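Asks: Following this message is one structure expressed as structure tokens.
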Amino acid sequence: MDSKVYQIKITIKEITPPIWRRLLIPEDISFHKLHKIIQASFGWRNYHLYNFDFGDTVVCLPDPDYPPGEMYGPGVEELNAKRVKIDGFLHEQDQFTYTYDFGDNWEHEVVVEKILAAGEDEHYPRCIGGERHRPPEDVGGVGAYADFLRIIADPKHPEHDEYLVWAEKDAGGRKFDPEYFYLSEINRALARVKVTEKKAPPKKST
């Protein structure tokens, strides 16, 4: 059977103009790998927890402080993101939510746009489109990001310079530009994401 790839569009919710990425991802990866792919495509730093929300099912990393059923409530099935493959869900569900950082609460709408045949000489995952730079880590959420943008756009604001210096950590030393998007840079980051699972070495016979 020929392998396939999913074309997905990921948009950070409640931000205008939208911040989005369009990706081609292989079918046989875990949700934890998909998390790493999303992190790389937006430039998030992977500092915080995450989950994938399908309504009656949440895919996440288990938290030893919260037994199953306690964090998301009764009736919600919790699955381990490192053990569950995306194919069984994305083949049936064309839209779901990825949330990163439960403090700032960055909700990303994920839409499955197409299922395509994988190219023989193509590398996946790959970004094929997008717009705008993500908010700085720990800026405080959607409302705080709007304040941040207003302040850095006003050179006369007393905190203008301080905010720009603080945001340089997320811009690789560049002046933070909310419109910055460089496709080749994103694909270089995606190329560093290892999508194949490590296999345990065979046991030695005694």
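In the structure tokens, chains take the letters A, B, ... in the order shown, each chain's residues start at 1, and ligands count up from 1 in the order shown.
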Mind listing the strand (DSSP E or B) residues of segment 11-175 of chain A, per DSSP on the backbone, as a PDB file with C-alpha atoms, in the first residue's frame?
Replies:
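Generated file (part-v5.pdb):
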ATOM      1  CA  THR A  11      -4.004  28.644  12.813  1.00  0.00           C
ATOM      2  CA  ILE A  12      -3.545  30.239  16.230  1.00  0.00           C
ATOM      3  CA  TRP A  20      -0.908  30.123  10.358  1.00  0.00           C
ATOM      4  CA  ARG A  21       1.130  27.313   8.790  1.00  0.00           C
ATOM      5  CA  ARG A  22       0.258  24.776   6.098  1.00  0.00           C
ATOM      6  CA  LEU A  23       2.118  21.489   6.526  1.00  0.00           C
ATOM      7  CA  LEU A  24       2.556  18.128   4.865  1.00  0.00           C
ATOM      8  CA  ILE A  25       3.028  15.462   7.513  1.00  0.00           C
ATOM      9  CA  PRO A  26       3.575  11.683   7.250  1.00  0.00           C
ATOM     10  CA  SER A  30       2.601   9.701  16.959  1.00  0.00           C
ATOM     11  CA  TYR A  50       0.218  20.547  25.399  1.00  0.00           C
ATOM     12  CA  ASN A  51      -2.758  18.491  24.304  1.00  0.00           C
ATOM     13  CA  PHE A  52      -4.855  17.603  21.274  1.00  0.00           C
ATOM     14  CA  ASP A  53      -8.596  17.970  21.873  1.00  0.00           C
ATOM     15  CA  THR A  57     -11.060  12.405  23.514  1.00  0.00           C
ATOM     16  CA  VAL A  58      -7.921  14.249  24.608  1.00  0.00           C
ATOM     17  CA  VAL A  59      -4.444  13.128  23.511  1.00  0.00           C
ATOM     18  CA  CYS A  60      -1.732  14.320  25.878  1.00  0.00           C
ATOM     19  CA  GLU A  77     -11.036   9.582  27.202  1.00  0.00           C
ATOM     20  CA  GLU A  78      -7.371  10.426  27.766  1.00  0.00           C
ATOM     21  CA  LEU A  79      -4.797   8.845  25.467  1.00  0.00           C
ATOM     22  CA  ASN A  80      -0.998   8.885  25.634  1.00  0.00           C
ATOM     23  CA  LYS A  85      -0.668   7.408  15.985  1.00  0.00           C
ATOM     24  CA  GLN A  95     -10.771  19.477  12.543  1.00  0.00           C
ATOM     25  CA  PHE A  96      -9.462  19.543  16.111  1.00  0.00           C
ATOM     26  CA  THR A  97      -7.631  21.784  18.580  1.00  0.00           C
ATOM     27  CA  TYR A  98      -3.993  21.742  19.645  1.00  0.00           C
ATOM     28  CA  THR A  99      -3.308  23.736  22.823  1.00  0.00           C
ATOM     29  CA  TYR A 100       0.191  24.731  23.888  1.00  0.00           C
ATOM     30  CA  TRP A 106      -2.365  29.189  22.835  1.00  0.00           C
ATOM     31  CA  GLU A 107      -5.154  27.306  21.066  1.00  0.00           C
ATOM     32  CA  HIS A 108      -4.423  26.256  17.497  1.00  0.00           C
ATOM     33  CA  GLU A 109      -7.167  25.211  15.106  1.00  0.00           C
ATOM     34  CA  VAL A 110      -5.971  22.229  13.053  1.00  0.00           C
ATOM     35  CA  VAL A 111      -7.817  21.515   9.802  1.00  0.00           C
ATOM     36  CA  VAL A 112      -7.116  18.431   7.684  1.00  0.00           C
ATOM     37  CA  GLU A 113      -7.367  19.799   4.136  1.00  0.00           C
ATOM     38  CA  LYS A 114      -6.226  16.868   1.976  1.00  0.00           C
ATOM     39  CA  ILE A 115      -4.875  13.334   2.049  1.00  0.00           C
ATOM     40  CA  LEU A 116      -2.174  12.944  -0.604  1.00  0.00           C
ATOM     41  CA  ALA A 117       0.122  10.236  -1.893  1.00  0.00           C
ATOM     42  CA  ARG A 126       7.376  20.070   5.161  1.00  0.00           C
ATOM     43  CA  CYS A 127       5.865  23.532   5.394  1.00  0.00           C
ATOM     44  CA  ILE A 128       4.325  24.768   2.148  1.00  0.00           C
ATOM     45  CA  GLY A 129       2.828  28.046   3.331  1.00  0.00           C
ATOM     46  CA  GLY A 130       2.116  30.345   6.226  1.00  0.00           C
ATOM     47  CA  GLU A 131       2.020  33.896   7.524  1.00  0.00           C
TER      48      GLU A 131
END
Asks: Quick one: everything within 8 Å of segment 34-43 of chain A, counting only C-alpha atoms, minus sequence neighbours fewer than 6 positions away in the same chain. Send it as JSON, numbers by chain.
Replies: {"A": [21, 50, 86, 125, 127, 133, 134, 186, 187, 189, 190, 193]}
Asks: Can you spit out the residues from that selection as a PDB file, in the first residue's frame, using N, CA and C atoms?
Replies:
ATOM      1  N   ARG A  21       0.178  28.116   9.548  1.00  0.00           N
ATOM      2  CA  ARG A  21       1.130  27.313   8.790  1.00  0.00           C
ATOM      3  C   ARG A  21       0.362  26.209   8.052  1.00  0.00           C
ATOM      4  N   TYR A  50       1.084  20.431  26.580  1.00  0.00           N
ATOM      5  CA  TYR A  50       0.218  20.547  25.399  1.00  0.00           C
ATOM      6  C   TYR A  50      -0.832  19.448  25.435  1.00  0.00           C
ATOM      7  N   ILE A  86      -1.338   9.300  14.649  1.00  0.00           N
ATOM      8  CA  ILE A  86      -2.283  10.299  14.148  1.00  0.00           C
ATOM      9  C   ILE A  86      -3.252   9.730  13.127  1.00  0.00           C
ATOM     10  N   PRO A 125       8.286  15.936   7.589  1.00  0.00           N
ATOM     11  CA  PRO A 125       7.295  16.985   7.355  1.00  0.00           C
ATOM     12  C   PRO A 125       7.867  18.152   6.556  1.00  0.00           C
ATOM     13  N   CYS A 127       6.765  22.379   5.394  1.00  0.00           N
ATOM     14  CA  CYS A 127       5.865  23.532   5.394  1.00  0.00           C
ATOM     15  C   CYS A 127       5.751  24.057   3.975  1.00  0.00           C
ATOM     16  N   HIS A 133       4.805  35.816  12.326  1.00  0.00           N
ATOM     17  CA  HIS A 133       5.577  35.256  13.433  1.00  0.00           C
ATOM     18  C   HIS A 133       4.652  34.961  14.610  1.00  0.00           C
ATOM     19  N   ARG A 134       4.946  33.908  15.326  1.00  0.00           N
ATOM     20  CA  ARG A 134       4.144  33.587  16.517  1.00  0.00           C
ATOM     21  C   ARG A 134       4.397  34.605  17.626  1.00  0.00           C
ATOM     22  N   ILE A 186      11.830  27.755   8.332  1.00  0.00           N
ATOM     23  CA  ILE A 186      10.918  26.798   8.965  1.00  0.00           C
ATOM     24  C   ILE A 186      11.223  25.385   8.504  1.00  0.00           C
ATOM     25  N   ASN A 187      11.465  25.203   7.225  1.00  0.00           N
ATOM     26  CA  ASN A 187      11.746  23.863   6.726  1.00  0.00           C
ATOM     27  C   ASN A 187      13.094  23.328   7.207  1.00  0.00           C
ATOM     28  N   ALA A 189      14.142  23.937  10.222  1.00  0.00           N
ATOM     29  CA  ALA A 189      13.783  23.482  11.569  1.00  0.00           C
ATOM     30  C   ALA A 189      13.025  22.159  11.512  1.00  0.00           C
ATOM     31  N   LEU A 190      12.138  22.006  10.544  1.00  0.00           N
ATOM     32  CA  LEU A 190      11.384  20.757  10.406  1.00  0.00           C
ATOM     33  C   LEU A 190      12.288  19.590  10.028  1.00  0.00           C
ATOM     34  N   VAL A 193      13.523  17.604  12.916  1.00  0.00           N
ATOM     35  CA  VAL A 193      12.577  16.799  13.699  1.00  0.00           C
ATOM     36  C   VAL A 193      12.675  15.354  13.232  1.00  0.00           C
TER      37      VAL A 193
END
Asks: Give me, as a list of chain:residue names, all polymer residues having an atom no more than 12 Å from segment 151-156 of chain A, counting only C-alpha atoms and skipping those fewer than 3 positions away in the same chain.
Replies: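 Counting only the stated atoms, we get A:Ala144, A:Tyr145, A:Ala146, A:Asp147, A:Phe148, A:Glu159, A:His160, A:Asp161, A:Glu162, A:Tyr163, A:Leu164, A:Val165, A:Trp166, A:Ala167, A:Lys175, A:Phe176, A:Asp177, A:Pro178.
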Asks: Which residues in segment 58-198 of chain A does DSSP call helix (DSSP H, G or I)? List them as a ChimeraX atom specification.
Replies: /A:87-90,142-152,160-170,183-191
Asks: State, in Å with one decimal place, the distance from atom CA of Asn105 of chain A to atom CA of Pro135 of chain A.
Replies: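 Atom-to-atom, atom CA of Asn105 of chain A and atom CA of Pro135 of chain A are spaced 11.8 Å apart.
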Asks: Could you state the separation of atom CA of Ser3 of chain A and atom CA of Ala118 of chain A in Å, given to one decimal place?
Replies: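 Between atom CA of Ser3 of chain A and atom CA of Ala118 of chain A the gap works out to 5.7 Å.
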Asks: Can you work out which one of A:Trp44, A:Tyr72, A:Tyr66, A:Phe54 has the shortest atom-to-atom distance to Asp101 of chain A, counting only C-alpha atoms?
Replies: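 Among the listed residues, the smallest separation from Asp101 of chain A belongs to A:Trp44.
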Asks: So which one's closest to Asp2 of chain A, A:Gly140, A:Gly119, A:Gly103, A:Gly88? Using only C-alpha atoms, please.
Replies: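 Among the listed residues, the smallest separation from Asp2 of chain A belongs to A:Gly119.
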Asks: Could you check which of A:Gly73, A:Lys82, A:Pro67, A:Arg188 is closest to Gly55 of chain A, using only C-alpha atoms?
Replies: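 So, comparing all the options, the nearest one is A:Gly73.
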Asks: Atom CA of Leu49 of chain A to atom CA of Glu185 of chain A: how many Å, to one decimal?
Replies: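 So the answer is 24.6 Å.
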